[in-house]
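Right, one structure below, let's go through it.
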Amino acid sequence: MPEPIKIEEVKERVILVGVSEQDGDDAEDSVAELAELVKTAGAVTVGTLIQKRELIHPGTYVGTGKVQEIADMIAELGATGIVCDDELSPAQLKNLEQMLDTKVMDRTLIILDIFAARATTSEGKIQVELAQLKYRLSRLTGLGRSMSKLGGGIGTRGPGEKKLEMDRRLIKDRIAQLNRELKEVRKHREITRAQREKKQIPVAAIVGYTNAGKSTLLNHLTGAGVLEEDKLFATLDPTTRVLELPGRQEILLTDTVGFIRKLPHHLIEAFKSTLEEAKYADYILHVVDASNPQRDKQMHIVYDTLYQLDIREKTIITLFNKQDQVTDEEPIRDFKADYTLAVSAKKGTGLEELKELFCTLLRDNKILVERTISYQEAGILQQIRKSGELLEEEYRSEGIFIRAYVTPEIYGSL
């Protein structure tokens, strides 16, 4: 029998286009990151063009002269589309499509596409679809030609082509429905948060640039079993796990979606309920890829995103991760952090020091007591173990001697 013919998905071949608006800006680094995003989305980069301009051209993004250069590159390299390193306006999108007669995408579309592929929970899917529809609604006229060329590929995951054929009213109806669903999800999240607060278990939110090693850290500390990949946005849906500390104390660790430069505002808006976990956390655990030459820039982007989400005045612990991959001798500093530690989440280096730091921080909010309680009051020991730190207990004839760090609430009942 003849072997069945294997039908392989033909990868899109794209040219990356960026604009450098000033000398010494990070256009090259941003386009290099775009190449990683494109690879994650399943396409192949066949060429790159960076145009130096004082300002992004309002009509064609790069300027009319450069459009012809891009057209020549498309013909020469056999590209099936271009990806611009900024979010294009409907006019820019329409003009580029008409002038180049090819598929035109932007950074936002690529990120949304990756998110659509990575969302696994119902909440994640709602948030991604909401972001995609808002993005597409603002470009409904401009996307027509581009989407009619598609037989699949980037930009067709998630809601898909059928939803693009809806008129504005239908898309708006769908957005309203998704907002109602998201409201229910937020209510559930608020109830869960209130239950946690009632139990008085402290929370640390893990934040950081995408691919800094947040999931690896959560897995190593708690055995969460979250997907670890050397890819941008390997995990999208938040995970909360209990971390047991010395002295039987507990702290909740919540992973959040990775940040990235030029993170689309549609996504920040859609993922607010997820990112708000950081807003209500007691501590921010900022994971930095110490081996990345762009680490300072990435740290700045993380803090800028936290500022946009109105997350301020939190105790910040910065973990300079991937120490096993650091090759340069240059010291790394984070002046916005309250504490910094050098760790390797993969190797487990420095994680015991992190646990000790958590113990110290949790003690700061507690009162040290030494007293003897009657055997009738023994039930309070369970409360101390749960929300305090029981250092010593000794059963004597007159009662139970305890030495412990306790919360103000427990202290008031002793």
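By convention in this document, the chains of the structure tokens carry letters A, B, ... by their order, each chain's residues are numbered from 1, and ligands are numbered from 1 in the order they are shown.
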Apply DSSP to the structure's backbone, then extract all residues of range 357-395 of chain A labelled strand (DSSP E or B) and return them as an MDAnalysis selection string.
chainID A and resid 367:373 389:395
Name all residues at most 10 Å from Lys347 in chain A (count only C-alpha atoms; drop same-chain ones fewer than 5 positions away) and give them as a ChimeraX atom specification.
/A:216-217,220,322-324
Looking at A:Gly124, A:Gly18, A:Gly47, A:Pro202, which one is nearest to Val62 in chain A, with distances taken over only C-alpha atoms?
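Smallest separation from Val62 in chain A among the options: A:Gly18.
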Counting only C-alpha atoms, the residue of A:Lys134, A:Lys183, A:Lys355, A:Arg363 that sits nearest Thr222 in chain A
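Counting only C-alpha atoms, the residue closest to Thr222 in chain A is A:Lys355.
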Could you name the residues that touch Lys279 in chain A at 9 Å or less, counting only C-alpha atoms, but leaving out those on the same chain fewer than 5 positions away, as number ranges by chain?
A: 205, 284, 306, 309-312, 314
Could you dump the residues just selected with C-alpha atoms as a PDB file, in the first residue's frame?
```
ATOM      1  CA  ALA A 205       1.550  37.704  43.571  1.00  0.00           C
ATOM      2  CA  ILE A 284       4.728  41.393  45.043  1.00  0.00           C
ATOM      3  CA  LEU A 306       1.973  47.787  37.601  1.00  0.00           C
ATOM      4  CA  LEU A 309      -2.925  48.912  37.031  1.00  0.00           C
ATOM      5  CA  ASP A 310      -2.681  51.235  40.062  1.00  0.00           C
ATOM      6  CA  ILE A 311      -0.603  48.678  41.995  1.00  0.00           C
ATOM      7  CA  ARG A 312       1.528  50.772  44.333  1.00  0.00           C
ATOM      8  CA  LYS A 314       3.342  47.083  48.099  1.00  0.00           C
TER       9      LYS A 314
END
```
Leaving out range 99-114 of chain A and any residue of its chain fewer than 6 positions from it, which residues lie within 6 Å of it when counting only C-alpha atoms, given as a short mmCIF file (atom, residue, chain, number, x, y, z; two decimals) with C-alpha atoms, in the first residue's frame?
```cif
data_model
loop_
_atom_site.label_atom_id
_atom_site.label_comp_id
_atom_site.auth_asym_id
_atom_site.auth_seq_id
_atom_site.Cartn_x
_atom_site.Cartn_y
_atom_site.Cartn_z
CA ALA A 41 2.62 32.34 16.84
CA ALA A 71 7.08 45.55 -1.74
CA GLY A 81 2.70 39.06 4.81
CA ILE A 82 4.28 41.77 6.95
CA VAL A 83 4.16 42.36 10.71
CA CYS A 84 4.54 45.91 12.01
CA ASP A 85 6.08 46.41 15.45
CA ASP A 86 3.36 48.81 16.68
CA GLU A 87 -0.41 48.80 16.74
CA SER A 146 -6.71 41.23 4.76
CA GLY A 155 -5.17 36.18 13.42
CA PRO A 264 -1.87 46.00 24.01
#
```
Between CA of Gly412 in chain A and CA of Glu190 in chain A, what is the distance in Å, rounded to a tenth?
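Computing the Euclidean distance for CA of Gly412 in chain A and CA of Glu190 in chain A yields 27.8 Å.
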If we count only C-alpha atoms, what is near range 379-389 of chain A at a cut-off of 7 Å, once residues fewer than 2 positions away on the same chain are taken out, given as a PyMOL selection string?
chain A and resi 200-201+247-249+377+391+404-407
Using DSSP on the backbone, list every residue of range 14-222 of chain A that comes out as helix (DSSP H, G or I), and give them as a VMD selection string.
chain A and resid 27 to 41 64 to 77 90 to 100 107 to 118 122 to 137 140 to 148 160 to 164 168 to 199 214 to 222
Can you tell me, as a short mmCIF file (atom, residue, chain, number, x, y, z; two decimals) with N, CA, C and O atoms, in the first residue's frame, what residues are no more than 8 Å from Ala35 in chain A when counting only C-alpha atoms, ignoring any on the same chain fewer than 3 positions away?
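Output file part_34.cif is given in full below:
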```cif
data_model
loop_
_atom_site.label_atom_id
_atom_site.label_comp_id
_atom_site.auth_asym_id
_atom_site.auth_seq_id
_atom_site.Cartn_x
_atom_site.Cartn_y
_atom_site.Cartn_z
N LEU A 16 9.34 41.55 9.10
CA LEU A 16 9.12 42.40 10.26
C LEU A 16 9.46 43.84 9.92
O LEU A 16 10.52 44.10 9.35
N VAL A 31 12.08 44.82 17.81
CA VAL A 31 11.84 44.00 16.62
C VAL A 31 12.37 42.57 16.85
O VAL A 31 11.76 41.60 16.39
N ALA A 32 13.49 42.45 17.58
CA ALA A 32 14.02 41.11 17.91
C ALA A 32 13.00 40.35 18.76
O ALA A 32 12.80 39.14 18.59
N VAL A 38 6.49 36.25 16.77
CA VAL A 38 6.07 35.68 15.48
C VAL A 38 6.37 34.17 15.45
O VAL A 38 5.55 33.36 15.01
N LYS A 39 7.53 33.79 15.96
CA LYS A 39 7.92 32.38 16.03
C LYS A 39 6.95 31.61 16.93
O LYS A 39 6.52 30.50 16.60
N THR A 45 10.12 34.26 10.16
CA THR A 45 10.59 35.59 9.75
C THR A 45 11.59 35.41 8.62
O THR A 45 12.59 34.72 8.77
#
```
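Of the residues under consideration (A:Thr48, A:Thr60, A:Thr40, A:Gln127), A:Thr60 shows the shortest atom-to-atom contact distance to Pro90 in chain A when counting only C-alpha atoms.
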